[in-house]
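Here's the structure, in C-alpha cells; my notes come after.
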Amino acid sequence: MTVLKMIGFFKETHRFPNNNSRPLPSIAEQLNRSEAIVDSKITDYLRSGHEVMYLGSRRYLKEKGDLTKIDRPGFLLTDGVWVWPSELPYFIESYNVMVPPQFVIHAAANNWSVPAKVDVTELELRGDW
C-alpha cells in the first residue's frame, strides 16, 4: 500500500477525521501568498489526476466560489503519490494558494503529466498532512 501525501485540504473546506496531531491549515493562511507559483503546468497537472473517491460538493465553494470553474467538483484526485481535492486548481488560479515545493518538483519530474495508469486500490488515504 502506498500512503498518499495530501495537499490542498483546509479546515474551511474539508471535514473528515485527521489521524495526525496537527490540525488542517486554514485556507486564509494560504491565500494570496506572494511566493505562490501560479502556472498552468501545475493546474493542468492537478486537473488531470485520477479519481480516488467522491466526497460530495463543498459547502464552502457553494458560498464563496463558482462551482462551474471546477472540473469534477467533490472528487479527490491523485497521481499515485499525492492526493488533492478537485477544487485545488481553482484556488491556485483565483487566490494564489500555495502548493508545497516538493509537489512542484514531483510534477516536474513527471514531465507535468500524471501517470496514465494508477491502481487506486493500492493507495491509502490516512489523513496525514
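As shown in the C-alpha cells, the chain order sets the letters A, B, ...; within each chain, residues go from 1, and ligands are also counted from 1 in the order they appear.
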
Practice task
Please provide the set of residues having any atom within 10 Å of A:Ala108, restricted to only C-alpha atoms, with same-chain residues fewer than 6 positions apart removed, written as a list of chain:residue names.
Solution key: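 My list of contacting residues is A:Lys41, A:Ile42, A:Tyr45, A:Gln102.
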
Can you pull out every residue within 12 Å of A:Phe103, counting only C-alpha atoms, but drop anything in the same chain fewer than 2 positions away, and send it as a short mmCIF file (atom, residue, chain, number, x, y, z; two decimals) with all heavy atoms, in the first residue's frame?
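Listed below is the output, result.cif:
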```
data_model
loop_
_atom_site.label_atom_id
_atom_site.label_comp_id
_atom_site.auth_asym_id
_atom_site.auth_seq_id
_atom_site.Cartn_x
_atom_site.Cartn_y
_atom_site.Cartn_z
N LEU A 4 -0.73 8.07 0.50
CA LEU A 4 -0.72 9.29 -0.30
C LEU A 4 -0.34 10.51 0.54
O LEU A 4 -0.74 10.64 1.69
CB LEU A 4 -2.10 9.52 -0.92
CG LEU A 4 -2.53 8.48 -1.94
CD1 LEU A 4 -4.01 8.64 -2.27
CD2 LEU A 4 -1.68 8.57 -3.19
N LYS A 5 0.40 11.41 -0.07
CA LYS A 5 0.74 12.69 0.54
C LYS A 5 -0.40 13.65 0.20
O LYS A 5 -0.85 13.69 -0.94
CB LYS A 5 2.06 13.22 -0.02
CG LYS A 5 3.22 12.31 0.24
CD LYS A 5 4.45 12.83 -0.46
CE LYS A 5 5.60 11.85 -0.33
NZ LYS A 5 6.80 12.34 -1.02
N MET A 6 -0.83 14.44 1.16
CA MET A 6 -2.03 15.26 0.97
C MET A 6 -1.67 16.74 0.79
O MET A 6 -0.85 17.28 1.53
CB MET A 6 -2.96 15.09 2.16
CG MET A 6 -3.38 13.63 2.34
SD MET A 6 -4.45 13.38 3.75
CE MET A 6 -5.98 14.02 3.08
N ILE A 7 -2.31 17.36 -0.21
CA ILE A 7 -2.17 18.80 -0.41
C ILE A 7 -3.54 19.40 -0.72
O ILE A 7 -4.42 18.73 -1.25
CB ILE A 7 -1.19 19.17 -1.56
CG1 ILE A 7 -1.62 18.50 -2.88
CG2 ILE A 7 0.22 18.81 -1.19
CD1 ILE A 7 -0.85 19.01 -4.07
N GLY A 8 -3.71 20.66 -0.36
CA GLY A 8 -4.93 21.38 -0.73
C GLY A 8 -6.13 21.12 0.15
O GLY A 8 -7.25 21.42 -0.24
N ILE A 37 3.24 29.75 -6.62
CA ILE A 37 3.56 29.53 -8.03
C ILE A 37 2.24 29.28 -8.76
O ILE A 37 1.57 28.30 -8.50
CB ILE A 37 4.49 28.33 -8.20
CG1 ILE A 37 5.80 28.54 -7.44
CG2 ILE A 37 4.77 28.06 -9.67
CD1 ILE A 37 6.66 27.30 -7.36
N ILE A 42 1.07 23.45 -13.49
CA ILE A 42 0.65 22.90 -12.20
C ILE A 42 -0.85 22.64 -12.21
O ILE A 42 -1.30 21.54 -11.84
CB ILE A 42 1.03 23.85 -11.05
CG1 ILE A 42 2.55 23.94 -10.90
CG2 ILE A 42 0.40 23.38 -9.73
CD1 ILE A 42 3.02 25.01 -9.94
N THR A 43 -1.63 23.61 -12.62
CA THR A 43 -3.08 23.43 -12.58
C THR A 43 -3.55 22.38 -13.58
O THR A 43 -4.47 21.62 -13.29
CB THR A 43 -3.82 24.77 -12.78
OG1 THR A 43 -3.36 25.39 -13.98
CG2 THR A 43 -3.57 25.70 -11.59
N TYR A 45 -1.80 19.75 -14.47
CA TYR A 45 -1.41 18.50 -13.83
C TYR A 45 -2.46 18.10 -12.79
O TYR A 45 -2.93 16.96 -12.77
CB TYR A 45 -0.04 18.67 -13.17
CG TYR A 45 0.54 17.40 -12.58
CD1 TYR A 45 1.38 16.59 -13.34
CD2 TYR A 45 0.28 17.02 -11.27
CE1 TYR A 45 1.93 15.43 -12.81
CE2 TYR A 45 0.81 15.87 -10.73
CZ TYR A 45 1.64 15.08 -11.50
OH TYR A 45 2.18 13.93 -10.98
N LEU A 46 -2.83 19.04 -11.94
CA LEU A 46 -3.82 18.76 -10.90
C LEU A 46 -5.16 18.35 -11.49
O LEU A 46 -5.82 17.43 -10.99
CB LEU A 46 -3.99 19.98 -9.99
CG LEU A 46 -2.78 20.31 -9.10
CD1 LEU A 46 -2.93 21.70 -8.51
CD2 LEU A 46 -2.63 19.27 -8.01
N THR A 78 -5.65 12.01 -7.67
CA THR A 78 -4.31 11.57 -7.31
C THR A 78 -3.46 11.33 -8.55
O THR A 78 -3.98 11.14 -9.65
CB THR A 78 -4.35 10.26 -6.48
OG1 THR A 78 -3.04 9.96 -6.01
CG2 THR A 78 -4.89 9.09 -7.29
N ASP A 79 -2.16 11.30 -8.31
CA ASP A 79 -1.20 10.88 -9.33
C ASP A 79 -0.49 9.60 -8.88
O ASP A 79 0.47 9.16 -9.48
CB ASP A 79 -0.19 11.98 -9.63
CG ASP A 79 0.66 12.37 -8.43
OD1 ASP A 79 0.52 11.76 -7.34
OD2 ASP A 79 1.47 13.30 -8.56
N VAL A 81 0.95 9.33 -5.91
CA VAL A 81 1.85 9.72 -4.82
C VAL A 81 1.19 10.78 -3.94
O VAL A 81 1.24 10.71 -2.72
CB VAL A 81 3.19 10.25 -5.37
CG1 VAL A 81 4.09 10.77 -4.26
CG2 VAL A 81 3.90 9.16 -6.18
N TRP A 82 0.57 11.75 -4.58
CA TRP A 82 -0.10 12.85 -3.89
C TRP A 82 -1.61 12.72 -4.10
O TRP A 82 -2.06 12.15 -5.09
CB TRP A 82 0.36 14.20 -4.45
CG TRP A 82 1.80 14.51 -4.18
CD1 TRP A 82 2.88 14.09 -4.91
CD2 TRP A 82 2.32 15.31 -3.13
NE1 TRP A 82 4.02 14.58 -4.37
CE2 TRP A 82 3.72 15.34 -3.26
CE3 TRP A 82 1.73 16.02 -2.08
CZ2 TRP A 82 4.54 16.04 -2.40
CZ3 TRP A 82 2.56 16.72 -1.21
CH2 TRP A 82 3.94 16.72 -1.36
N VAL A 83 -2.39 13.30 -3.19
CA VAL A 83 -3.84 13.36 -3.33
C VAL A 83 -4.27 14.79 -3.03
O VAL A 83 -3.70 15.46 -2.16
CB VAL A 83 -4.56 12.34 -2.41
CG1 VAL A 83 -4.33 12.63 -0.94
CG2 VAL A 83 -6.04 12.26 -2.73
N TRP A 84 -5.29 15.27 -3.78
CA TRP A 84 -5.76 16.65 -3.62
C TRP A 84 -7.23 16.72 -3.97
O TRP A 84 -7.75 15.91 -4.73
CB TRP A 84 -4.94 17.60 -4.50
CG TRP A 84 -4.97 17.24 -5.95
CD1 TRP A 84 -5.87 17.66 -6.88
CD2 TRP A 84 -4.07 16.36 -6.64
NE1 TRP A 84 -5.59 17.11 -8.11
CE2 TRP A 84 -4.48 16.31 -7.99
CE3 TRP A 84 -2.94 15.62 -6.25
CZ2 TRP A 84 -3.82 15.56 -8.94
CZ3 TRP A 84 -2.29 14.86 -7.20
CH2 TRP A 84 -2.72 14.83 -8.53
N MET A 98 -0.86 28.35 -2.28
CA MET A 98 0.43 27.69 -2.47
C MET A 98 0.30 26.17 -2.50
O MET A 98 -0.55 25.61 -1.83
CB MET A 98 1.39 28.04 -1.32
CG MET A 98 1.95 29.42 -1.40
SD MET A 98 3.24 29.65 -0.17
CE MET A 98 4.37 28.35 -0.58
N VAL A 99 1.15 25.54 -3.28
CA VAL A 99 1.36 24.10 -3.19
C VAL A 99 2.80 23.90 -2.72
O VAL A 99 3.66 24.73 -2.98
CB VAL A 99 1.12 23.36 -4.53
CG1 VAL A 99 -0.35 23.45 -4.93
CG2 VAL A 99 1.99 23.91 -5.64
N PRO A 100 3.07 22.81 -2.01
CA PRO A 100 4.43 22.61 -1.50
C PRO A 100 5.45 22.48 -2.62
O PRO A 100 5.16 21.89 -3.67
CB PRO A 100 4.32 21.29 -0.72
CG PRO A 100 2.88 20.99 -0.58
CD PRO A 100 2.16 21.74 -1.65
N PRO A 101 6.65 23.00 -2.40
CA PRO A 101 7.70 22.86 -3.42
C PRO A 101 7.98 21.41 -3.78
O PRO A 101 8.28 21.10 -4.93
CB PRO A 101 8.94 23.49 -2.77
CG PRO A 101 8.43 24.30 -1.63
CD PRO A 101 7.11 23.75 -1.23
N ILE A 105 8.25 19.91 -7.58
CA ILE A 105 9.40 19.11 -8.04
C ILE A 105 8.94 17.75 -8.56
O ILE A 105 9.39 17.29 -9.61
CB ILE A 105 10.42 18.96 -6.89
CG1 ILE A 105 11.07 20.32 -6.59
CG2 ILE A 105 11.48 17.91 -7.23
CD1 ILE A 105 11.83 20.37 -5.27
N HIS A 106 8.02 17.13 -7.83
CA HIS A 106 7.47 15.82 -8.23
C HIS A 106 6.76 15.91 -9.58
O HIS A 106 6.99 15.08 -10.48
CB HIS A 106 6.52 15.32 -7.14
CG HIS A 106 5.69 14.16 -7.54
ND1 HIS A 106 6.18 12.87 -7.58
CD2 HIS A 106 4.38 14.08 -7.91
CE1 HIS A 106 5.22 12.05 -7.97
NE2 HIS A 106 4.12 12.76 -8.17
N ALA A 107 5.88 16.90 -9.75
CA ALA A 107 5.14 17.06 -11.00
C ALA A 107 6.09 17.34 -12.16
O ALA A 107 5.93 16.80 -13.26
CB ALA A 107 4.09 18.16 -10.87
N ALA A 108 7.10 18.18 -11.93
CA ALA A 108 8.08 18.48 -12.98
C ALA A 108 8.87 17.22 -13.35
O ALA A 108 9.16 16.99 -14.53
CB ALA A 108 9.02 19.58 -12.51
N ALA A 109 9.21 16.40 -12.35
CA ALA A 109 9.93 15.15 -12.62
C ALA A 109 9.09 14.19 -13.46
O ALA A 109 9.64 13.35 -14.18
CB ALA A 109 10.34 14.48 -11.31
N ASN A 110 7.76 14.32 -13.39
CA ASN A 110 6.84 13.53 -14.22
C ASN A 110 6.57 14.21 -15.56
O ASN A 110 5.63 13.83 -16.26
CB ASN A 110 5.51 13.32 -13.50
CG ASN A 110 5.58 12.25 -12.45
OD1 ASN A 110 6.45 11.40 -12.47
ND2 ASN A 110 4.65 12.29 -11.51
N TRP A 112 5.26 16.99 -16.05
CA TRP A 112 3.96 17.66 -15.94
C TRP A 112 2.83 16.79 -16.49
O TRP A 112 1.83 17.30 -16.97
CB TRP A 112 3.98 19.03 -16.62
CG TRP A 112 5.06 19.89 -16.07
CD1 TRP A 112 6.24 20.21 -16.66
CD2 TRP A 112 5.07 20.53 -14.79
NE1 TRP A 112 7.00 21.00 -15.82
CE2 TRP A 112 6.29 21.21 -14.66
CE3 TRP A 112 4.17 20.58 -13.72
CZ2 TRP A 112 6.64 21.94 -13.53
CZ3 TRP A 112 4.51 21.32 -12.59
CH2 TRP A 112 5.73 21.99 -12.50
#
```

Handout entry: For A:Phe91, the nearest of the candidates A:Ile27, A:Met1, A:Val114, A:Val104, counting only C-alpha atoms
Key = A:Ile27

Exercise for the section: Using DSSP on the backbone coordinates, identify the residues of stretch 72-119 of chain A assigned to alpha helix (DSSP H); present them as a list in words. Expected result: Leu88, Pro89, Tyr90, Phe91, Ile92, Glu93, Ser94, Tyr95, Pro101, Gln102, Phe103, Val104, Ile105, His106, Ala107, Ala108 and Ala109 of chain A

Handout entry: atom CA of A:Arg126 to atom CA of A:Glu93, straight-line distance in Å
Key =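 Atom CA of A:Arg126 lies at a distance of 27.3 Å from atom CA of A:Glu93.
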
Practice task
Could you tell me how far atom CA of A:Glu124 lies from atom CA of A:Leu31, in Å and to one decimal?
Solution key: 28.3 Å

Applying 9 Å and only C-alpha atoms, which residues near stretch 48-58 of chain A remain after dropping the ones on its own chain fewer than 4 positions away? List them as a compact mmCIF listing (two decimals) with N, CA, C and O atoms, in the first residue's frame.
```txt
# COMPACT_ATOMS: atom_id res chain seq x y z
N THR A 13 -12.74 23.87 4.20
CA THR A 13 -13.30 23.17 3.04
C THR A 13 -13.48 21.68 3.24
O THR A 13 -14.19 21.05 2.46
N HIS A 14 -12.85 21.10 4.23
CA HIS A 14 -12.91 19.65 4.41
C HIS A 14 -13.15 19.29 5.86
O HIS A 14 -12.51 19.83 6.75
N THR A 43 -1.63 23.61 -12.62
CA THR A 43 -3.08 23.43 -12.58
C THR A 43 -3.55 22.38 -13.58
O THR A 43 -4.47 21.62 -13.29
N ASP A 44 -2.91 22.30 -14.75
CA ASP A 44 -3.26 21.24 -15.71
C ASP A 44 -2.94 19.87 -15.13
O ASP A 44 -3.71 18.92 -15.29
N LYS A 62 -19.80 26.48 -2.57
CA LYS A 62 -21.11 26.98 -2.93
C LYS A 62 -21.31 28.40 -2.41
O LYS A 62 -21.96 29.23 -3.04
N GLU A 63 -20.73 28.69 -1.24
CA GLU A 63 -20.88 30.01 -0.63
C GLU A 63 -19.88 31.01 -1.20
O GLU A 63 -20.20 32.16 -1.42
N LEU A 67 -18.73 26.92 -8.69
CA LEU A 67 -18.56 25.50 -8.99
C LEU A 67 -18.42 25.22 -10.48
O LEU A 67 -17.88 24.19 -10.86
N ARG A 72 -14.99 18.21 -12.08
CA ARG A 72 -15.30 17.11 -11.16
C ARG A 72 -15.39 17.57 -9.70
O ARG A 72 -14.69 17.07 -8.84
N PRO A 73 -16.25 18.56 -9.39
CA PRO A 73 -16.34 19.04 -8.00
C PRO A 73 -16.69 17.92 -7.03
O PRO A 73 -17.51 17.06 -7.34
N GLY A 74 -16.04 17.96 -5.88
CA GLY A 74 -16.30 16.98 -4.83
C GLY A 74 -15.43 15.73 -4.89
O GLY A 74 -15.50 14.90 -3.99
N PHE A 75 -14.58 15.59 -5.90
CA PHE A 75 -13.72 14.42 -6.00
C PHE A 75 -12.35 14.66 -5.38
O PHE A 75 -11.85 15.79 -5.38
N LEU A 76 -11.75 13.60 -4.89
CA LEU A 76 -10.33 13.60 -4.55
C LEU A 76 -9.60 13.00 -5.74
O LEU A 76 -10.03 11.98 -6.30
N LEU A 77 -8.51 13.64 -6.14
CA LEU A 77 -7.73 13.22 -7.30
C LEU A 77 -6.32 12.85 -6.86
O LEU A 77 -5.84 13.32 -5.84
N THR A 78 -5.65 12.01 -7.67
CA THR A 78 -4.31 11.57 -7.31
C THR A 78 -3.46 11.33 -8.55
O THR A 78 -3.98 11.14 -9.65
N ASP A 79 -2.16 11.30 -8.31
CA ASP A 79 -1.20 10.88 -9.33
C ASP A 79 -0.49 9.60 -8.88
O ASP A 79 0.47 9.16 -9.48
N GLY A 80 -0.99 9.02 -7.78
CA GLY A 80 -0.39 7.80 -7.24
C GLY A 80 0.58 8.07 -6.11
O GLY A 80 0.98 7.14 -5.40
N VAL A 83 -2.39 13.30 -3.19
CA VAL A 83 -3.84 13.36 -3.33
C VAL A 83 -4.27 14.79 -3.03
O VAL A 83 -3.70 15.46 -2.16
N TRP A 84 -5.29 15.27 -3.78
CA TRP A 84 -5.76 16.65 -3.62
C TRP A 84 -7.23 16.72 -3.97
O TRP A 84 -7.75 15.91 -4.73
N SER A 86 -10.43 18.23 -5.94
CA SER A 86 -10.55 18.73 -7.31
C SER A 86 -10.63 20.25 -7.41
O SER A 86 -10.36 20.82 -8.46
N SER A 113 2.98 15.48 -16.37
CA SER A 113 1.97 14.56 -16.86
C SER A 113 1.69 13.50 -15.79
O SER A 113 2.60 12.76 -15.40
N VAL A 114 0.43 13.43 -15.34
CA VAL A 114 0.04 12.41 -14.38
C VAL A 114 0.18 11.05 -15.06
O VAL A 114 -0.21 10.90 -16.22
N PRO A 115 0.75 10.05 -14.36
CA PRO A 115 0.88 8.73 -14.98
C PRO A 115 -0.47 8.23 -15.52
O PRO A 115 -1.51 8.42 -14.90
N ALA A 116 -0.42 7.61 -16.68
CA ALA A 116 -1.65 7.16 -17.34
C ALA A 116 -2.39 6.11 -16.53
O ALA A 116 -3.61 6.07 -16.54
N LYS A 117 -1.65 5.26 -15.84
CA LYS A 117 -2.29 4.20 -15.05
C LYS A 117 -1.87 4.33 -13.59
O LYS A 117 -0.69 4.35 -13.28
N VAL A 118 -2.87 4.39 -12.75
CA VAL A 118 -2.67 4.40 -11.30
C VAL A 118 -3.67 3.42 -10.71
O VAL A 118 -4.87 3.53 -10.96
N VAL A 120 -5.70 2.67 -8.00
CA VAL A 120 -6.20 3.33 -6.78
C VAL A 120 -6.52 2.34 -5.67
O VAL A 120 -6.61 2.73 -4.52
N THR A 121 -6.64 1.06 -6.00
CA THR A 121 -6.90 0.06 -4.95
C THR A 121 -5.65 -0.18 -4.10
O THR A 121 -5.75 -0.77 -3.03
N LEU A 123 -3.74 2.31 -2.99
CA LEU A 123 -3.43 3.59 -2.34
C LEU A 123 -4.15 3.69 -1.01
O LEU A 123 -5.26 3.21 -0.85
```

Handout entry: Using only C-alpha atoms: which of A:Arg47, A:Asp119, A:Pro25, A:Glu12 has the shortest distance to A:Pro85
Key =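 So, comparing all the options, the nearest one is A:Arg47.
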